[in-house]
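Student: This is entry_38.txt, which holds compact mmCIF, C-alpha atoms:
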# COMPACT_ATOMS: atom_id res chain seq x y z
CA MET A 1 27.94 3.70 -26.95
CA ASN A 2 29.30 0.23 -26.22
CA ILE A 3 27.80 -2.40 -23.94
CA LYS A 4 29.59 -5.65 -23.12
CA ILE A 5 27.28 -8.54 -22.24
CA PRO A 6 27.82 -12.30 -21.93
CA ALA A 7 26.62 -13.97 -25.12
CA ASP A 8 24.51 -16.53 -23.28
CA GLN A 9 22.78 -13.73 -21.37
CA LEU A 10 21.98 -11.89 -24.60
CA THR A 11 20.69 -15.13 -26.10
CA ASP A 12 18.35 -15.56 -23.12
CA LEU A 13 17.11 -11.96 -23.40
CA ILE A 14 16.19 -12.50 -27.04
CA ALA A 15 14.60 -15.90 -26.47
CA GLU A 16 12.49 -14.66 -23.56
CA THR A 17 11.00 -11.71 -25.45
CA ILE A 18 10.90 -12.70 -29.13
CA LYS A 19 7.53 -14.45 -28.98
CA SER A 20 5.69 -11.30 -27.87
CA VAL A 21 6.87 -9.26 -30.87
CA SER A 22 4.17 -8.15 -33.30
CA ALA A 23 4.02 -9.82 -36.70
CA GLN A 24 2.03 -6.91 -38.17
CA ASP A 25 3.87 -4.22 -40.11
CA SER A 26 1.09 -1.68 -39.46
CA ARG A 27 2.93 -0.68 -36.26
CA PRO A 28 6.61 -1.07 -37.19
CA LEU A 29 7.97 -0.31 -33.71
CA LEU A 30 6.15 -3.32 -32.26
CA THR A 31 8.01 -5.62 -34.68
CA GLY A 32 11.17 -4.83 -32.72
CA ILE A 33 12.49 -5.42 -29.21
CA HIS A 34 12.95 -2.41 -26.95
CA PHE A 35 16.31 -2.11 -25.16
CA VAL A 36 16.59 0.41 -22.32
CA ILE A 37 20.14 0.54 -20.95
CA ASP A 38 20.96 2.56 -17.85
CA GLN A 39 24.46 2.15 -16.40
CA ASN A 40 24.61 -1.53 -15.36
CA GLN A 41 20.97 -2.43 -16.02
CA ILE A 42 19.34 -3.60 -19.24
CA LYS A 43 15.57 -3.78 -19.59
CA VAL A 44 14.29 -5.62 -22.65
CA VAL A 45 10.62 -5.39 -23.63
CA SER A 46 8.40 -6.62 -26.45
CA THR A 47 4.66 -6.42 -27.04
CA ASP A 48 2.18 -7.05 -29.83
CA SER A 49 -0.52 -5.07 -27.93
CA HIS A 50 -2.16 -8.33 -26.75
CA ARG A 51 0.72 -9.63 -24.65
CA LEU A 52 3.93 -8.23 -23.24
CA ALA A 53 7.27 -9.73 -22.21
CA GLN A 54 9.83 -7.99 -20.04
CA ARG A 55 13.21 -9.04 -18.69
CA ILE A 56 15.60 -6.97 -16.58
CA VAL A 57 19.22 -8.01 -16.03
CA THR A 58 22.16 -6.44 -14.24
CA LEU A 59 25.58 -6.32 -15.86
CA LYS A 60 28.83 -6.80 -13.97
CA SER A 61 30.18 -3.38 -14.93
CA ASP A 62 28.54 0.01 -15.25
CA SER A 63 28.13 1.80 -18.55
CA PRO A 64 28.78 5.56 -18.41
CA LEU A 65 25.88 6.23 -20.77
CA THR A 66 22.23 5.39 -21.16
CA THR A 67 20.40 4.46 -24.32
CA ASP A 68 16.87 3.70 -25.46
CA VAL A 69 16.64 1.84 -28.79
CA VAL A 70 14.39 -0.55 -30.68
CA VAL A 71 16.11 -3.34 -32.62
CA PRO A 72 14.25 -5.28 -35.34
CA SER A 73 13.36 -8.74 -34.05
CA LYS A 74 14.46 -10.41 -37.31
CA ALA A 75 17.93 -8.94 -36.87
CA LEU A 76 18.13 -10.22 -33.30
CA THR A 77 17.07 -13.69 -34.42
CA GLU A 78 19.97 -13.67 -36.88
CA LEU A 79 22.37 -12.33 -34.25
CA ARG A 80 21.36 -15.05 -31.80
CA ALA A 81 22.48 -17.70 -34.31
CA LEU A 82 25.78 -15.93 -34.96
CA ILE A 83 26.86 -15.63 -31.31
CA GLU A 84 26.52 -19.32 -30.51
CA GLY A 85 29.77 -20.45 -28.92
CA ILE A 86 30.98 -16.90 -28.21
CA LYS A 87 31.64 -15.87 -24.60
CA GLU A 88 31.04 -12.12 -24.69
CA VAL A 89 29.38 -9.69 -27.10
CA ASP A 90 30.15 -5.99 -27.54
CA LEU A 91 26.99 -4.16 -28.58
CA GLN A 92 27.78 -0.83 -30.25
CA PHE A 93 24.90 1.60 -30.73
CA ASP A 94 24.73 4.92 -32.49
CA GLU A 95 21.70 7.01 -33.43
CA SER A 96 20.55 4.76 -36.25
CA ARG A 97 22.20 1.36 -36.05
CA LEU A 98 23.53 -1.53 -34.00
CA MET A 99 26.95 -2.99 -34.77
CA VAL A 100 28.44 -6.16 -33.28
CA ASN A 101 32.04 -7.14 -34.05
CA LEU A 102 32.24 -10.93 -34.07
CA GLY A 103 35.84 -11.22 -35.25
CA ASP A 104 35.63 -12.56 -38.79
CA THR A 105 32.10 -11.18 -39.07
CA VAL A 106 30.76 -7.69 -38.39
CA PHE A 107 27.00 -7.64 -37.82
CA TYR A 108 24.99 -4.52 -38.63
CA SER A 109 21.33 -3.71 -38.13
CA ARG A 110 19.39 -0.51 -38.51
CA LEU A 111 17.35 0.64 -35.52
CA LEU A 112 13.62 1.30 -35.72
CA GLU A 113 12.67 4.95 -35.51
CA GLY A 114 10.11 6.35 -33.11
CA GLN A 115 9.10 6.34 -29.46
CA TYR A 116 8.31 2.88 -28.10
CA PRO A 117 5.07 2.72 -26.05
CA GLN A 118 5.34 3.32 -22.31
CA THR A 119 4.88 -0.28 -21.23
CA ASP A 120 5.73 0.07 -17.53
CA ARG A 121 2.22 1.30 -16.76
CA LEU A 122 0.74 -1.82 -18.37
CA ILE A 123 2.23 -4.19 -15.80
CA PRO A 124 -0.03 -4.34 -12.72
CA GLN A 125 1.86 -3.53 -9.55
CA GLU A 126 -0.76 -5.03 -7.23
CA SER A 127 -2.92 -8.14 -7.38
CA THR A 128 -6.16 -9.39 -5.89
CA SER A 129 -5.41 -13.09 -6.52
CA SER A 130 -2.17 -15.01 -6.88
CA PHE A 131 -0.75 -18.52 -6.77
CA SER A 132 2.30 -20.56 -7.80
CA ILE A 133 2.21 -23.65 -10.00
CA ASP A 134 4.51 -26.25 -11.54
CA SER A 135 5.31 -25.15 -15.09
CA GLN A 136 5.35 -28.68 -16.57
CA VAL A 137 1.99 -29.61 -15.08
CA LEU A 138 0.39 -26.43 -16.40
CA SER A 139 2.06 -26.76 -19.81
CA ALA A 140 0.66 -30.26 -20.35
CA SER A 141 -2.85 -29.10 -19.49
CA LEU A 142 -2.53 -26.07 -21.78
CA ASP A 143 -1.48 -28.32 -24.65
CA ARG A 144 -4.77 -30.19 -24.32
CA ALA A 145 -6.77 -26.99 -23.91
CA SER A 146 -5.15 -25.46 -26.98
CA LEU A 147 -5.91 -28.53 -29.10
CA VAL A 148 -9.60 -28.46 -28.19
CA ALA A 149 -9.83 -24.68 -28.52
CA HIS A 150 -8.40 -24.81 -32.03
CA GLN A 151 -10.90 -27.51 -32.99
CA SER A 152 -13.79 -25.43 -31.70
CA GLY A 153 -12.72 -22.40 -33.72
CA ASN A 154 -12.81 -20.31 -30.56
CA LEU A 155 -9.26 -19.95 -29.27
CA VAL A 156 -10.26 -19.28 -25.68
CA ALA A 157 -9.79 -21.16 -22.42
CA GLN A 158 -10.72 -20.28 -18.87
CA PHE A 159 -8.96 -20.25 -15.52
CA THR A 160 -11.33 -20.68 -12.59
CA ILE A 161 -9.69 -20.00 -9.25
CA SER A 162 -11.93 -21.10 -6.42
CA ASN A 163 -11.38 -22.37 -2.88
CA GLY A 164 -7.64 -22.43 -3.39
CA SER A 165 -7.73 -24.60 -6.52
CA LEU A 166 -7.28 -23.96 -10.24
CA GLU A 167 -9.44 -25.35 -13.01
CA ILE A 168 -8.76 -25.05 -16.74
CA SER A 169 -11.70 -25.46 -19.10
CA THR A 170 -12.71 -24.94 -22.73
CA GLU A 171 -15.93 -24.87 -24.67
CA ARG A 172 -17.14 -28.14 -26.14
CA SER A 173 -16.03 -28.95 -29.68
CA GLU A 174 -16.38 -31.94 -32.02
CA ILE A 175 -13.59 -33.71 -30.15
CA GLY A 176 -14.93 -32.84 -26.70
CA ASN A 177 -13.85 -30.30 -24.12
CA VAL A 178 -11.26 -29.83 -21.40
CA HIS A 179 -12.08 -29.51 -17.72
CA GLU A 180 -9.08 -30.17 -15.48
CA SER A 181 -8.21 -29.38 -11.90
CA LEU A 182 -4.55 -28.58 -11.20
CA PRO A 183 -2.66 -28.37 -7.91
CA ILE A 184 -1.48 -24.89 -6.92
CA LYS A 185 0.46 -23.49 -3.99
CA ASN A 186 0.58 -20.24 -2.04
CA PHE A 187 -2.90 -19.15 -3.11
CA GLN A 188 -3.84 -15.70 -1.85
CA GLY A 189 -6.76 -13.43 -2.53
CA LYS A 190 -10.17 -13.69 -4.13
CA ASP A 191 -11.83 -16.33 -6.29
CA LEU A 192 -11.75 -15.41 -9.97
CA LYS A 193 -12.72 -16.61 -13.45
CA ILE A 194 -10.78 -15.26 -16.42
CA SER A 195 -10.67 -16.08 -20.14
CA PHE A 196 -7.40 -16.19 -22.07
CA ASN A 197 -5.69 -17.41 -25.24
CA PRO A 198 -4.00 -20.71 -24.31
CA ASP A 199 -1.37 -20.30 -27.04
CA PHE A 200 -0.21 -17.01 -25.53
CA VAL A 201 0.22 -18.61 -22.11
CA LYS A 202 2.05 -21.58 -23.66
CA ASP A 203 4.48 -19.15 -25.30
CA ALA A 204 5.04 -17.43 -21.97
CA LEU A 205 5.79 -20.72 -20.24
CA SER A 206 8.25 -21.75 -22.95
CA SER A 207 10.12 -18.45 -22.49
CA ILE A 208 10.63 -18.81 -18.73
CA SER A 209 13.01 -21.57 -17.72
CA GLU A 210 12.11 -21.78 -14.02
CA LYS A 211 10.19 -24.84 -12.86
CA THR A 212 7.79 -22.97 -10.59
CA LEU A 213 5.86 -19.94 -11.81
CA ASN A 214 3.87 -17.22 -10.09
CA PHE A 215 0.55 -16.01 -11.51
CA SER A 216 -1.06 -12.80 -10.29
CA PHE A 217 -4.42 -11.32 -11.27
CA THR A 218 -6.30 -8.07 -10.67
CA SER A 219 -9.67 -8.73 -12.34
CA SER A 220 -11.33 -10.77 -15.08
CA LEU A 221 -10.93 -7.88 -17.56
CA ARG A 222 -7.33 -6.93 -16.78
CA PRO A 223 -4.05 -8.53 -17.91
CA PHE A 224 -2.50 -11.11 -15.62
CA VAL A 225 1.19 -11.50 -14.91
CA ILE A 226 3.31 -14.65 -15.18
CA GLY A 227 6.79 -14.67 -13.70
CA PRO A 228 9.37 -16.95 -12.10
CA ALA A 229 8.69 -17.91 -8.51
CA GLU A 230 12.13 -16.64 -7.58
CA GLY A 231 13.50 -13.37 -8.89
CA GLN A 232 11.94 -10.39 -10.60
CA GLY A 233 12.06 -8.69 -13.97
CA ASN A 234 11.03 -11.61 -16.16
CA GLU A 235 7.36 -10.99 -16.70
CA LYS A 236 4.74 -11.95 -19.25
CA ILE A 237 1.27 -10.46 -19.36
As structure tokens, what does this structure read like?

Tutor:
Amino acid sequence: MNIKIPADQLTDLIAETIKSVSAQDSRPLLTGIHFVIDQNQIKVVSTDSHRLAQRIVTLKSDSPLTTDVVVPSKALTELRALIEGIKEVDLQFDESRLMVNLGDTVFYSRLLEGQYPQTDRLIPQESTSSFSIDSQVLSASLDRASLVAHQSGNLVAQFTISNGSLEISTERSEIGNVHESLPIKNFQGKDLKISFNPDFVKDALSSISEKTLNFSFTSSLRPFVIGPAEGQGNEKI
């Protein structure tokens, strides 16, 4: 089957999901990016079992077929470099490979075999707490939290949501600790304290271009969701 997609849109899909791909070969399917194509909709998903990235886009024209494939992330990284400056890309899939005709260059990649995990059920559909926050403000605070967490040898930070405010904190290390209060908007729900890997959240922020982000939580032991304040389908958990 053939799918035509703007090259810049494909570049964004790869960039927004590549950081959640697994680096471990013990589960080969997780080293790839999952493409689910249904008529005019493409859903792209990656996960390393600790975090998950998902983006859904709508194409201008319908495809008469559907497909469900997993493309190696290394191949997509190479393809992203090759399509720079190209307006549109024709993705051609068969049972075992992806082919992209780039004029003077024809790009081939094998597909990964197997059934990709059912990730839809991993994304919480409801939340008990939520807020929106400026991405740059949060990113700067996470940089400091990550630095201290790495120094402490315990790569963990905490969000404390209380009385409509957000605090980020880390354990004390040789260089000190982080305890910062950040402004948030549109807070709804219950107070909550949750631990997380600051590097994972930094990666999520770098993959979403919107200035304002939405965070939603269900409990201290469940994944939380990060997405753009406007629009749906671009989610990190």

Student: Between A:Ala53, A:Leu205, A:Ile33, A:Ala23, which one has atoms that come closest to A:Asp120, using all atoms listed in the file?

Tutor: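 Selected residue with least distance to A:Asp120: A:Ala53.
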
Student: Distance atom CA of A:Asp38-atom CA of A:Thr67, one decimal place?

Tutor: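 Separating atom CA of A:Asp38 from atom CA of A:Thr67 is a distance of 6.8 Å.
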
Student: Atom CA of A:Ser141 and atom CA of A:Glu180, how far apart in Å?

Tutor: 7.5 Å

Student: Do you have, as CSV, the list of residues of stretch 112-203 of chain A lying at most 12 Å from stretch 10-20 of chain A, each with its nearest atom pair and that distance in Å to one decimal, counting all atoms listed in the file and ordered by chain then number?

Tutor:
residue,atom,partner,partner_atom,distance
A:Asp199,CA,A:Lys19,CA,10.8
A:Phe200,CA,A:Ser20,CA,8.5
A:Val201,CA,A:Ser20,CA,10.8
A:Lys202,CA,A:Lys19,CA,10.4
A:Asp203,CA,A:Lys19,CA,6.7

Student: For A:Ile86, which residue out of A:Ser26, A:Gln9, A:Gln151, A:Asn197 is the nearest one, using only C-alpha atoms?

Tutor: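 The answer is A:Gln9, which sits nearest to A:Ile86.
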
Student: Closest to A:Val44 among A:Ser216, A:Ser139, A:Ser73, A:Asn186, using all atoms listed in the file?

Tutor: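 Answer, going by the shortest atom-to-atom distance: A:Ser73.
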
Student: Would you please work out which residue, of A:Gln158, A:Ser49, A:Leu30, A:Asp8, is nearest to A:Leu79 when using only C-alpha atoms?

Tutor: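 Of the candidates, the smallest distance to A:Leu79 is held by A:Asp8.
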
Student: Atom CA of A:Ile133 and atom CA of A:Ile184, how far apart in Å?

Tutor: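 Atom-to-atom, atom CA of A:Ile184 to atom CA of A:Ile133, that is 5.0 Å.
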
Student: Using all atoms listed in the file, collect all residues at a distance of at most 12 Å from (-7.0, -20.1, -7.0) as written in the file, then present them as a PyMOL selection string.

Tutor: chain A and resi 128-133+159-168+181-194+214-217

Student: For A:Lys4, which of A:Thr77, A:Gln92, A:Gln136, A:Gln118 is the closest residue, counting only C-alpha atoms?

Tutor: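 Among the listed residues, A:Gln92 lies closest to A:Lys4.
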
Student: Restricting the calculation to all atoms listed in the file, which member of A:Ser220, A:Ser96, A:Asn154, A:Gln125 is positioned closest to A:Ser195?

Tutor: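 That would be A:Ser220, the residue with the smallest distance to A:Ser195.
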
Student: Near A:Val70, within 7 Å and counting all atoms listed in the file, which residues show up once chain neighbours fewer than 5 positions away are dropped, as a PyMOL selection string?

Tutor: chain A and resi 32-35+111-112

Student: Considering all atoms listed in the file, return as a list in words whatever protein or nucleic-acid residues lie within 10 Å of A:Ser209, sequence-local ones (same chain, fewer than 2 positions apart) excluded.

Tutor: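 Listed by chain and then number, they are Asp12, Glu16, Ser135, Ala204, Leu205, Ser206, Ser207, Lys211, Thr212, Leu213 and Pro228 of chain A.
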
Student: Given the selection you just returned, output its residues as a file containing C-alpha atoms, formatted as a PDB file, in the frame of the given file.

Tutor:
ATOM      1  CA  ASP A  12      18.350 -15.560 -23.120  1.00  0.00           C
ATOM      2  CA  GLU A  16      12.490 -14.660 -23.560  1.00  0.00           C
ATOM      3  CA  SER A 135       5.310 -25.150 -15.090  1.00  0.00           C
ATOM      4  CA  ALA A 204       5.040 -17.430 -21.970  1.00  0.00           C
ATOM      5  CA  LEU A 205       5.790 -20.720 -20.240  1.00  0.00           C
ATOM      6  CA  SER A 206       8.250 -21.750 -22.950  1.00  0.00           C
ATOM      7  CA  SER A 207      10.120 -18.450 -22.490  1.00  0.00           C
ATOM      8  CA  LYS A 211      10.190 -24.840 -12.860  1.00  0.00           C
ATOM      9  CA  THR A 212       7.790 -22.970 -10.590  1.00  0.00           C
ATOM     10  CA  LEU A 213       5.860 -19.940 -11.810  1.00  0.00           C
ATOM     11  CA  PRO A 228       9.370 -16.950 -12.100  1.00  0.00           C
TER      12      PRO A 228
END

Student: Residues proximal to (25.9, -4.4, -41.2) were defined as those with any atom within 9 Å of that point in the file's coordinates, counting all atoms listed in the file. Which are they, as a list in words?

Tutor: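 Looking at atoms near the point gives Arg97, Leu98, Met99, Val100, Val106, Phe107, Tyr108, Ser109 and Arg110 of chain A.
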
Student: May I have the selected residues written with C-alpha atoms, as a PDB file, keeping the file's coordinate frame?

Tutor:
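Below you can see result.pdb, which holds the result:
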ATOM      1  CA  ARG A  97      22.200   1.360 -36.050  1.00  0.00           C
ATOM      2  CA  LEU A  98      23.530  -1.530 -34.000  1.00  0.00           C
ATOM      3  CA  MET A  99      26.950  -2.990 -34.770  1.00  0.00           C
ATOM      4  CA  VAL A 100      28.440  -6.160 -33.280  1.00  0.00           C
ATOM      5  CA  VAL A 106      30.760  -7.690 -38.390  1.00  0.00           C
ATOM      6  CA  PHE A 107      27.000  -7.640 -37.820  1.00  0.00           C
ATOM      7  CA  TYR A 108      24.990  -4.520 -38.630  1.00  0.00           C
ATOM      8  CA  SER A 109      21.330  -3.710 -38.130  1.00  0.00           C
ATOM      9  CA  ARG A 110      19.390  -0.510 -38.510  1.00  0.00           C
TER      10      ARG A 110
END

Student: Find the residues around A:His150 up to 12 Å (all atoms listed in the file counted), leave out those fewer than 4 positions away in its own chain, and share them as a ChimeraX atom specification.

Tutor: /A:142-146,154-157,170-177,197-199

Student: I'd like the neighbourhood of A:Leu59 as a ChimeraX atom specification, where a residue qualifies if any of its atoms comes within 9 Å (using all atoms listed in the file), though same-chain residues fewer than 4 positions away should be ignored.

Tutor: /A:4-6,39-42,63

Student: Now that the selection is made, can you save its residues with C-alpha atoms as a compact mmCIF listing (two decimals), in the coordinates of the input?

Tutor:
# COMPACT_ATOMS: atom_id res chain seq x y z
CA LYS A 4 29.59 -5.65 -23.12
CA ILE A 5 27.28 -8.54 -22.24
CA PRO A 6 27.82 -12.30 -21.93
CA GLN A 39 24.46 2.15 -16.40
CA ASN A 40 24.61 -1.53 -15.36
CA GLN A 41 20.97 -2.43 -16.02
CA ILE A 42 19.34 -3.60 -19.24
CA SER A 63 28.13 1.80 -18.55

Student: Kindly reconstruct stretch 141-171 of chain A with N, CA and C atoms and present the result as a compact mmCIF listing (two decimals), keeping the file's coordinate frame.

Tutor:
# COMPACT_ATOMS: atom_id res chain seq x y z
N SER A 141 -1.42 -29.38 -19.45
CA SER A 141 -2.85 -29.10 -19.49
C SER A 141 -3.18 -28.08 -20.58
N LEU A 142 -2.31 -27.07 -20.75
CA LEU A 142 -2.53 -26.07 -21.78
C LEU A 142 -2.43 -26.66 -23.18
N ASP A 143 -1.56 -27.65 -23.35
CA ASP A 143 -1.48 -28.32 -24.65
C ASP A 143 -2.83 -28.93 -25.03
N ARG A 144 -3.46 -29.58 -24.06
CA ARG A 144 -4.77 -30.19 -24.32
C ARG A 144 -5.84 -29.12 -24.56
N ALA A 145 -5.80 -28.06 -23.75
CA ALA A 145 -6.77 -26.99 -23.91
C ALA A 145 -6.62 -26.30 -25.26
N SER A 146 -5.39 -26.10 -25.69
CA SER A 146 -5.15 -25.46 -26.98
C SER A 146 -5.66 -26.32 -28.13
N LEU A 147 -5.45 -27.62 -28.05
CA LEU A 147 -5.91 -28.53 -29.10
C LEU A 147 -7.43 -28.45 -29.26
N VAL A 148 -8.14 -28.51 -28.15
CA VAL A 148 -9.60 -28.46 -28.19
C VAL A 148 -10.08 -27.08 -28.63
N ALA A 149 -9.43 -26.03 -28.15
CA ALA A 149 -9.83 -24.68 -28.52
C ALA A 149 -9.67 -24.45 -30.03
N HIS A 150 -8.60 -24.95 -30.59
CA HIS A 150 -8.40 -24.81 -32.03
C HIS A 150 -9.48 -25.56 -32.80
N GLN A 151 -9.86 -26.72 -32.32
CA GLN A 151 -10.90 -27.51 -32.99
C GLN A 151 -12.25 -26.81 -32.93
N SER A 152 -12.50 -26.09 -31.86
CA SER A 152 -13.79 -25.43 -31.70
C SER A 152 -13.88 -24.14 -32.52
N GLY A 153 -12.74 -23.66 -33.00
CA GLY A 153 -12.72 -22.40 -33.72
C GLY A 153 -12.79 -21.17 -32.82
N ASN A 154 -12.77 -21.40 -31.53
CA ASN A 154 -12.81 -20.31 -30.56
C ASN A 154 -11.60 -20.46 -29.64
N LEU A 155 -10.53 -19.74 -29.95
CA LEU A 155 -9.26 -19.95 -29.27
C LEU A 155 -9.26 -19.28 -27.89
N VAL A 156 -10.10 -19.83 -27.02
CA VAL A 156 -10.26 -19.28 -25.68
C VAL A 156 -10.34 -20.43 -24.68
N ALA A 157 -9.67 -20.25 -23.56
CA ALA A 157 -9.79 -21.16 -22.42
C ALA A 157 -10.08 -20.32 -21.19
N GLN A 158 -10.40 -21.00 -20.10
CA GLN A 158 -10.72 -20.28 -18.87
C GLN A 158 -9.93 -20.83 -17.70
N PHE A 159 -9.44 -19.92 -16.85
CA PHE A 159 -8.96 -20.25 -15.52
C PHE A 159 -10.10 -19.96 -14.55
N THR A 160 -10.40 -20.91 -13.69
CA THR A 160 -11.33 -20.68 -12.59
C THR A 160 -10.58 -20.94 -11.30
N ILE A 161 -10.40 -19.90 -10.52
CA ILE A 161 -9.69 -20.00 -9.25
C ILE A 161 -10.74 -19.93 -8.15
N SER A 162 -10.89 -21.03 -7.43
CA SER A 162 -11.93 -21.10 -6.42
C SER A 162 -11.50 -22.02 -5.29
N ASN A 163 -11.70 -21.56 -4.07
CA ASN A 163 -11.38 -22.37 -2.88
C ASN A 163 -9.94 -22.88 -2.90
N GLY A 164 -9.04 -22.05 -3.39
CA GLY A 164 -7.64 -22.43 -3.39
C GLY A 164 -7.26 -23.45 -4.43
N SER A 165 -8.07 -23.66 -5.45
CA SER A 165 -7.73 -24.60 -6.52
C SER A 165 -7.86 -23.92 -7.87
N LEU A 166 -7.24 -24.51 -8.89
CA LEU A 166 -7.28 -23.96 -10.24
C LEU A 166 -7.89 -24.97 -11.18
N GLU A 167 -8.87 -24.52 -11.96
CA GLU A 167 -9.44 -25.35 -13.01
C GLU A 167 -9.22 -24.68 -14.35
N ILE A 168 -8.88 -25.51 -15.36
CA ILE A 168 -8.76 -25.05 -16.74
C ILE A 168 -9.87 -25.70 -17.54
N SER A 169 -10.58 -24.91 -18.33
CA SER A 169 -11.70 -25.46 -19.10
C SER A 169 -11.78 -24.79 -20.47
N THR A 170 -12.45 -25.48 -21.40
CA THR A 170 -12.71 -24.94 -22.73
C THR A 170 -14.15 -25.24 -23.10
N GLU A 171 -14.62 -24.55 -24.15
CA GLU A 171 -15.93 -24.87 -24.67
C GLU A 171 -15.90 -26.22 -25.38
